[in-house]
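Shown here: work.cif, mmCIF, C-alpha atoms.
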```
data_final
loop_
_atom_site.label_atom_id
_atom_site.label_comp_id
_atom_site.auth_asym_id
_atom_site.auth_seq_id
_atom_site.Cartn_x
_atom_site.Cartn_y
_atom_site.Cartn_z
CA MET R 1139 14.71 6.87 -3.04
CA SER R 1140 12.36 4.71 -5.06
CA ILE R 1141 8.62 4.95 -4.46
CA TRP R 1142 5.57 5.85 -6.54
CA ILE R 1143 3.07 8.25 -5.00
CA TYR R 1144 -0.52 8.24 -6.23
CA THR R 1145 -2.76 11.24 -5.71
CA HIS R 1146 -5.32 13.42 -7.50
CA SER R 1147 -6.48 17.01 -7.24
CA ALA R 1148 -10.05 15.81 -6.62
CA CYS R 1149 -8.92 14.57 -3.20
CA LEU R 1150 -8.29 18.19 -2.21
CA GLN R 1151 -11.70 19.31 -3.51
CA HIS R 1152 -13.68 16.95 -1.25
CA ASP R 1153 -15.16 19.55 1.12
CA THR R 1154 -16.24 18.46 4.60
CA GLY R 1155 -17.13 21.93 5.84
CA PRO R 1156 -15.52 24.43 8.22
CA GLY R 1157 -13.86 22.99 11.28
CA HIS R 1158 -14.13 19.37 10.19
CA PRO R 1159 -11.01 17.40 11.20
CA GLU R 1160 -10.92 15.40 7.94
CA SER R 1161 -10.04 18.44 5.88
CA ALA R 1162 -8.20 19.08 2.65
CA GLU R 1163 -5.54 20.86 4.68
CA ARG R 1164 -4.33 17.60 6.20
CA LEU R 1165 -3.61 16.09 2.78
CA GLN R 1166 -2.18 19.36 1.51
CA ALA R 1167 0.23 19.47 4.46
CA LEU R 1168 1.60 16.05 3.50
CA LEU R 1169 1.75 16.85 -0.22
CA THR R 1170 3.59 20.10 0.48
CA ARG R 1171 6.15 18.21 2.53
CA LEU R 1172 6.58 15.64 -0.26
CA ARG R 1173 7.25 18.39 -2.80
CA GLU R 1174 10.35 19.53 -0.92
CA PRO R 1175 13.79 18.93 -2.48
CA ASP R 1176 14.64 15.88 -0.34
CA PHE R 1177 11.75 14.04 -2.00
CA SER R 1178 12.70 15.05 -5.53
CA GLU R 1179 13.31 11.44 -6.61
CA VAL R 1180 9.81 10.11 -5.92
CA THR R 1181 7.67 9.25 -8.94
CA TRP R 1182 4.31 11.00 -9.00
CA GLN R 1183 1.31 9.25 -10.52
CA GLU R 1184 -2.21 10.57 -11.16
CA ALA R 1185 -4.79 8.32 -9.56
CA PRO R 1186 -7.40 6.92 -11.94
CA ALA R 1187 -11.04 6.51 -10.93
CA ALA R 1188 -12.01 3.10 -9.64
CA SER R 1189 -14.64 1.23 -11.62
CA LYS R 1190 -17.89 0.04 -10.14
CA ASP R 1191 -16.76 -3.56 -10.65
CA GLN R 1192 -13.61 -2.89 -8.62
CA LEU R 1193 -15.63 -1.36 -5.79
CA ALA R 1194 -18.23 -4.12 -5.93
CA ARG R 1195 -15.65 -6.75 -5.01
CA VAL R 1196 -15.99 -5.55 -1.40
CA HIS R 1197 -19.06 -3.27 -1.38
CA GLU R 1198 -22.61 -4.24 -2.24
CA SER R 1199 -23.36 -3.10 -5.79
CA ALA R 1200 -26.51 -1.31 -4.70
CA TYR R 1201 -24.53 0.56 -2.06
CA VAL R 1202 -22.05 1.85 -4.64
CA ASP R 1203 -24.87 3.22 -6.76
CA ALA R 1204 -26.69 4.70 -3.78
CA MET R 1205 -23.56 6.32 -2.39
CA LEU R 1206 -22.70 8.05 -5.65
CA ALA R 1207 -26.33 9.10 -6.08
CA ARG R 1208 -26.20 10.88 -2.72
CA ILE R 1209 -23.45 13.26 -3.80
CA PRO R 1210 -25.03 16.74 -3.69
CA LYS R 1211 -24.94 19.03 -6.72
CA GLU R 1212 -24.19 21.97 -4.43
CA GLY R 1213 -23.51 22.60 -0.77
CA LEU R 1214 -22.83 19.97 1.86
CA ALA R 1215 -24.75 16.86 2.87
CA SER R 1216 -24.29 14.58 5.89
CA ILE R 1217 -24.18 10.81 5.73
CA ASP R 1218 -24.04 10.73 9.52
CA GLY R 1219 -22.82 12.98 12.30
CA ASP R 1220 -19.19 12.58 11.22
CA THR R 1221 -19.28 11.90 7.49
CA VAL R 1222 -19.89 14.90 5.24
CA ILE R 1223 -19.99 15.01 1.45
CA SER R 1224 -19.92 17.78 -1.15
CA PRO R 1225 -20.14 17.99 -4.97
CA ALA R 1226 -16.52 16.83 -5.41
CA SER R 1227 -16.76 13.96 -2.94
CA GLY R 1228 -17.84 11.33 -5.46
CA GLU R 1229 -14.85 11.83 -7.71
CA ALA R 1230 -12.51 12.08 -4.70
CA ALA R 1231 -13.78 8.75 -3.38
CA LEU R 1232 -13.46 7.09 -6.79
CA ARG R 1233 -9.94 8.48 -7.27
CA SER R 1234 -8.91 7.34 -3.79
CA ALA R 1235 -10.04 3.78 -4.43
CA GLY R 1236 -8.59 3.98 -7.93
CA ALA R 1237 -5.22 5.02 -6.51
CA ALA R 1238 -5.24 1.86 -4.42
CA VAL R 1239 -6.00 -0.29 -7.47
CA ALA R 1240 -3.36 1.39 -9.63
CA ALA R 1241 -0.76 1.10 -6.89
CA VAL R 1242 -1.40 -2.64 -6.64
CA ASP R 1243 -1.04 -2.90 -10.42
CA ALA R 1244 2.31 -1.09 -10.31
CA VAL R 1245 3.70 -3.20 -7.49
CA MET R 1246 2.42 -6.55 -8.74
CA SER R 1247 3.69 -5.91 -12.28
CA GLY R 1248 7.16 -5.09 -10.96
CA GLN R 1249 7.20 -1.44 -12.03
CA THR R 1250 8.01 -0.46 -8.44
CA GLN R 1251 8.40 -2.28 -5.14
CA ARG R 1252 6.71 0.44 -3.11
CA ALA R 1253 3.74 2.74 -3.62
CA PHE R 1254 1.97 5.22 -1.37
CA CYS R 1255 -1.53 6.58 -1.93
CA ALA R 1256 -1.80 10.20 -0.75
CA ILE R 1257 -5.57 10.29 -0.81
CA ARG R 1258 -8.77 11.29 0.92
CA PRO R 1259 -11.43 10.46 1.92
CA PRO R 1260 -9.91 7.67 3.99
CA GLY R 1261 -11.44 4.23 3.83
CA HIS R 1262 -10.97 1.71 6.62
CA HIS R 1263 -14.27 2.43 8.42
CA ALA R 1264 -16.41 1.91 5.31
CA GLU R 1265 -18.32 -1.38 5.57
CA PRO R 1266 -19.85 -3.38 2.70
CA ALA R 1267 -23.04 -1.30 2.71
CA THR R 1268 -22.30 1.55 5.12
CA ALA R 1269 -20.31 4.78 4.97
CA MET R 1270 -19.04 6.01 8.33
CA GLY R 1271 -16.14 7.60 10.15
CA PHE R 1272 -15.28 10.00 7.29
CA CYS R 1273 -15.07 7.03 4.87
CA LEU R 1274 -17.16 6.33 1.75
CA PHE R 1275 -15.39 3.40 0.07
CA ASN R 1276 -12.87 1.10 1.72
CA ASN R 1277 -9.72 1.85 -0.28
CA VAL R 1278 -7.43 -0.75 1.27
CA ALA R 1279 -10.07 -3.47 0.96
CA VAL R 1280 -10.58 -2.59 -2.71
CA ALA R 1281 -6.80 -2.92 -3.17
CA ALA R 1282 -6.66 -6.29 -1.42
CA ALA R 1283 -9.56 -7.75 -3.40
CA HIS R 1284 -8.05 -6.45 -6.65
CA ALA R 1285 -4.76 -8.22 -5.89
CA ARG R 1286 -6.57 -11.49 -5.24
CA ALA R 1287 -8.82 -11.23 -8.31
CA GLU R 1288 -6.38 -9.95 -10.92
CA TYR R 1289 -3.04 -11.35 -9.77
CA HIS R 1290 -4.21 -14.51 -8.00
CA VAL R 1291 -2.32 -13.54 -4.86
CA ASP R 1292 -2.97 -16.28 -2.31
CA ARG R 1293 -2.03 -14.31 0.80
CA VAL R 1294 -2.70 -10.59 1.20
CA ALA R 1295 -1.90 -8.98 4.56
CA ILE R 1296 -3.27 -5.66 5.75
CA VAL R 1297 -1.54 -3.94 8.67
CA ASP R 1298 -3.49 -1.01 10.11
CA PHE R 1299 -1.77 1.29 12.63
CA ASP R 1300 -4.39 4.03 12.53
CA VAL R 1301 -5.46 4.96 16.07
CA HIS R 1302 -9.03 3.89 15.25
CA HIS R 1303 -9.90 0.27 14.57
CA GLY R 1304 -10.63 -0.50 10.91
CA ASN R 1305 -14.07 -1.97 11.47
CA GLY R 1306 -14.87 -1.89 7.76
CA THR R 1307 -11.78 -3.81 6.72
CA GLN R 1308 -12.41 -6.37 9.43
CA ALA R 1309 -16.05 -6.75 8.39
CA MET R 1310 -15.04 -7.39 4.79
CA PHE R 1311 -12.33 -9.97 5.39
CA ALA R 1312 -12.85 -11.69 8.75
CA GLY R 1313 -12.96 -15.42 8.12
CA LYS R 1314 -12.18 -15.13 4.41
CA ARG R 1315 -9.40 -17.25 2.99
CA GLY R 1316 -6.43 -15.43 1.50
CA TYR R 1317 -6.64 -12.32 3.67
CA MET R 1318 -5.21 -11.47 7.08
CA TYR R 1319 -5.93 -8.23 8.94
CA PHE R 1320 -3.75 -6.82 11.73
CA SER R 1321 -4.64 -3.74 13.75
CA THR R 1322 -3.16 -1.74 16.59
CA HIS R 1323 -5.62 0.86 17.87
CA GLU R 1324 -6.70 2.76 20.93
CA HIS R 1325 -9.51 1.10 22.84
CA PRO R 1326 -12.04 2.20 23.92
CA LEU R 1327 -12.42 4.68 21.09
CA PHE R 1328 -14.54 5.14 17.96
CA PRO R 1329 -15.88 2.94 16.40
CA GLY R 1330 -15.93 0.67 19.45
CA THR R 1331 -14.81 -2.47 17.63
CA GLY R 1332 -11.48 -4.26 17.70
CA HIS R 1333 -11.77 -6.41 20.79
CA ALA R 1334 -9.18 -9.15 20.93
CA PRO R 1335 -9.44 -11.96 20.11
CA MET R 1336 -12.32 -12.73 17.73
CA PRO R 1337 -13.77 -16.13 18.67
CA GLY R 1338 -13.63 -18.57 15.78
CA VAL R 1339 -11.78 -16.16 13.47
CA ASP R 1340 -8.12 -16.89 12.81
CA ASN R 1341 -7.28 -14.24 10.21
CA VAL R 1342 -7.82 -11.11 12.34
CA VAL R 1343 -5.22 -9.94 14.85
CA ASN R 1344 -6.50 -7.05 16.96
CA VAL R 1345 -4.14 -5.47 19.50
CA PRO R 1346 -6.14 -2.86 21.44
CA LEU R 1347 -4.02 -0.30 23.28
CA ASN R 1348 -5.05 1.57 26.41
CA ARG R 1349 -5.36 5.33 26.44
CA PHE R 1350 -2.07 7.19 26.89
CA THR R 1351 -0.08 4.24 25.57
CA GLY R 1352 3.32 5.36 24.34
CA SER R 1353 6.23 4.03 22.36
CA ALA R 1354 7.14 1.04 24.54
CA ASP R 1355 3.72 -0.59 24.53
CA PHE R 1356 3.15 0.13 20.84
CA ARG R 1357 6.47 -1.46 19.91
CA ASP R 1358 5.78 -4.41 22.18
CA ALA R 1359 2.48 -4.92 20.34
CA PHE R 1360 4.39 -5.16 17.07
CA ARG R 1361 7.11 -7.42 18.48
CA GLU R 1362 4.80 -9.80 20.32
CA PHE R 1363 1.72 -9.96 18.11
CA ILE R 1364 1.89 -8.24 14.74
CA ILE R 1365 5.28 -9.24 13.34
CA PRO R 1366 5.35 -12.91 14.50
CA GLN R 1367 1.88 -13.65 13.12
CA LEU R 1368 2.56 -11.66 9.96
CA GLU R 1369 5.68 -13.75 9.36
CA GLN R 1370 3.74 -16.94 10.06
CA PHE R 1371 1.17 -15.87 7.43
CA GLY R 1372 3.93 -15.20 4.88
CA PRO R 1373 2.22 -12.50 2.79
CA GLN R 1374 2.71 -12.24 -0.95
CA LEU R 1375 1.57 -8.61 -0.80
CA LEU R 1376 1.59 -6.26 2.17
CA LEU R 1377 -0.90 -3.40 2.38
CA ILE R 1378 -0.69 -0.72 5.08
CA SER R 1379 -3.55 1.38 6.39
CA ALA R 1380 -1.30 4.26 7.38
CA GLY R 1381 -3.11 6.50 9.82
CA PHE R 1382 -1.00 8.96 11.79
CA ASP R 1383 -3.59 9.86 14.43
CA ALA R 1384 -1.89 7.84 17.17
CA HIS R 1385 0.71 10.64 17.16
CA GLU R 1386 1.06 12.53 20.42
CA LEU R 1387 0.00 15.78 18.71
CA ASP R 1388 -3.27 14.42 17.30
CA PRO R 1389 -6.42 16.08 18.69
CA LEU R 1390 -8.83 13.15 18.22
CA ALA R 1391 -7.15 10.42 20.25
CA ASN R 1392 -5.09 9.72 23.32
CA LEU R 1393 -2.05 7.67 22.33
CA SER R 1394 1.41 9.16 22.55
CA LEU R 1395 3.41 7.93 19.58
CA THR R 1396 6.18 9.92 17.97
CA THR R 1397 7.44 10.16 14.42
CA GLN R 1398 10.26 7.81 15.43
CA ASP R 1399 7.69 5.15 16.31
CA TYR R 1400 6.25 5.32 12.79
CA ILE R 1401 9.74 4.99 11.33
CA TRP R 1402 10.43 1.98 13.55
CA ALA R 1403 7.12 0.26 12.72
CA THR R 1404 7.63 0.89 9.00
CA GLU R 1405 11.11 -0.63 9.20
CA GLN R 1406 9.67 -3.77 10.79
CA LEU R 1407 7.12 -4.08 8.00
CA THR R 1408 9.69 -3.57 5.27
CA TYR R 1409 11.83 -6.37 6.74
CA VAL R 1410 8.85 -8.74 6.51
CA ALA R 1411 7.98 -7.63 2.98
CA ASN R 1412 11.56 -8.01 1.83
CA ARG R 1413 11.65 -11.53 3.22
CA PHE R 1414 8.29 -12.84 2.01
CA CYS R 1415 6.97 -10.82 -0.94
CA ASN R 1416 9.94 -9.37 -2.81
CA GLY R 1417 9.43 -6.07 -1.03
CA ALA R 1418 5.92 -5.50 -2.39
CA ILE R 1419 4.16 -2.88 -0.25
CA VAL R 1420 1.27 -0.53 -0.99
CA SER R 1421 0.55 1.98 1.77
CA LEU R 1422 -2.54 4.20 1.92
CA LEU R 1423 -3.23 7.32 3.95
CA GLU R 1424 -5.98 6.87 6.51
CA GLY R 1425 -6.31 9.25 9.49
CA GLY R 1426 -4.10 11.90 11.04
CA TYR R 1427 -5.59 15.24 12.01
CA ASP R 1428 -2.73 17.39 13.28
CA LEU R 1429 -1.18 19.06 10.24
CA GLN R 1430 2.39 18.97 11.52
CA ALA R 1431 2.10 15.35 12.68
CA VAL R 1432 0.56 14.03 9.46
CA ALA R 1433 3.19 15.86 7.38
CA ASP R 1434 6.18 14.82 9.47
CA ALA R 1435 5.14 11.26 10.31
CA GLY R 1436 3.69 10.63 6.85
CA ALA R 1437 6.85 11.84 5.14
CA ALA R 1438 9.00 9.76 7.49
CA HIS R 1439 6.89 6.68 6.77
CA ILE R 1440 7.23 7.20 3.00
CA ARG R 1441 10.97 7.78 3.20
CA THR R 1442 11.40 4.62 5.28
CA LEU R 1443 9.41 2.61 2.75
CA ALA R 1444 11.56 3.97 -0.06
CA ASP R 1445 14.91 3.52 1.65
CA ASN R 1446 14.49 -0.11 2.78
CA LEU R 1447 13.96 -1.97 -0.48
CA ALA R 1448 14.50 -5.66 -1.06
#
```
Would you write the structure of this file as structure tokens?
Amino acid sequence: MSIWIYTHSACLQHDTGPGHPESAERLQALLTRLREPDFSEVTWQEAPAASKDQLARVHESAYVDAMLARIPKEGLASIDGDTVISPASGEAALRSAGAAVAAVDAVMSGQTQRAFCAIRPPGHHAEPATAMGFCLFNNVAVAAAHARAEYHVDRVAIVDFDVHHGNGTQAMFAGKRGYMYFSTHEHPLFPGTGHAPMPGVDNVVNVPLNRFTGSADFRDAFREFIIPQLEQFGPQLLLISAGFDAHELDPLANLSLTTQDYIWATEQLTYVANRFCNGAIVSLLEGGYDLQAVADAGAAHIRTLADNLA
């Protein structure tokens, strides 16, 4: 098994309050699973903090400053009805985005083919100047922009199989040369975006799935839409927004995927990466709110990434 895992203790200290689904327990469940003996060969890396310049490639500079200034010195504060912050949230958000940057550095420099960011808060709902949906900074977008800026990668693909559409990632990259965004997601569901297709935009592939969709329709979406257009794009780096909330056990959504579906989808993505970008994949934790599901499906995803190298 060969994969680098980026995380930081600050990600567990980000407190969203009692009963909030985006809790430290969900990340801890995955980390506990990854500390078991069958994952003894993974390489653990401490996530650095992202710089303001790195964040400002996709977020408005004033937003970055304002977001960090809103971090409370004590207690909890609400950005909106879903998004809660606490004194540790600023560092957690910086470390999460920094993990994404460092993982791109490791993969693009050839230190490893595969990296996974075990982080929170998640990121794919964060827009250029708006925090929402549990997200403060858009980690996968920061990673993609870093790859383009620092390594002159011409074609960066982002595949998002979180059950919620990544409105923030779409907002940042729709119509921009060098990026292509692919998303399978339940629709209708928060945040209400992700209609297919987008008129006049050729670098966004949205595949909305009806409620109670199961394995067959999800796999058909990959076979018919995601994989063919991903291969046509020919990515030089593949990023994955890895949310596990489409799992049948998840309390926040209504799809019916199993851990085997995540293994299958990950295998399809590794085949593309091995063909087009020397196996270069960085995957980042997004959603997933059932502790057993996020631990089991997340671990299976990571093992599949590690076991299917170029």
Spatial neighbours of Leu1327 of chain R, max dist 9 Å, only C-alpha atoms, sep filter under 6 positions, as a PyMOL selection string: chain R and resi 1301-1303+1349+1391
Skip Tyr1289 of chain R itself and residues of its chain fewer than 4 positions away, then list as a ChimeraX atom specification all residues within 8 Å of it, counting all atoms listed in the file. /R:1246,1284-1285
Looking at R:His1333, R:Arg1252, R:His1197, R:Arg1413, which one is nearest to Ala1279 of chain R, with distances taken over all atoms listed in the file?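 The shortest atom-to-atom distance to Ala1279 of chain R comes from R:His1197.
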Judged by all atoms listed in the file, the minimum distance to Thr1250 of chain R among R:Ala1431, R:Leu1443, R:Ala1295, R:Ala1282 is found for R:Leu1443
Counting all atoms listed in the file, which residues sit no farther than 10 Å from the position (-15.2, 5.2, -14.6) in the file's frame? I'd like them as a list in words.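 Residues close enough to count: Pro1186, Ala1187, Ala1188, Ser1189, Lys1190, Asp1191, Glu1229, Leu1232, Arg1233 and Gly1236 of chain R.
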Just so the selection is clear, what residues does the PyMOL selection byres ((chain R and resi 1145) around 6) cover here, as a ChimeraX atom specification? /R:1144,1146,1184-1185,1256-1257
Determine the nearest neighbour of Thr1396 of chain R from the options R:Ala1359, R:Gly1372, R:Ala1435, R:Ile1364, counting all atoms listed in the file. R:Ala1435
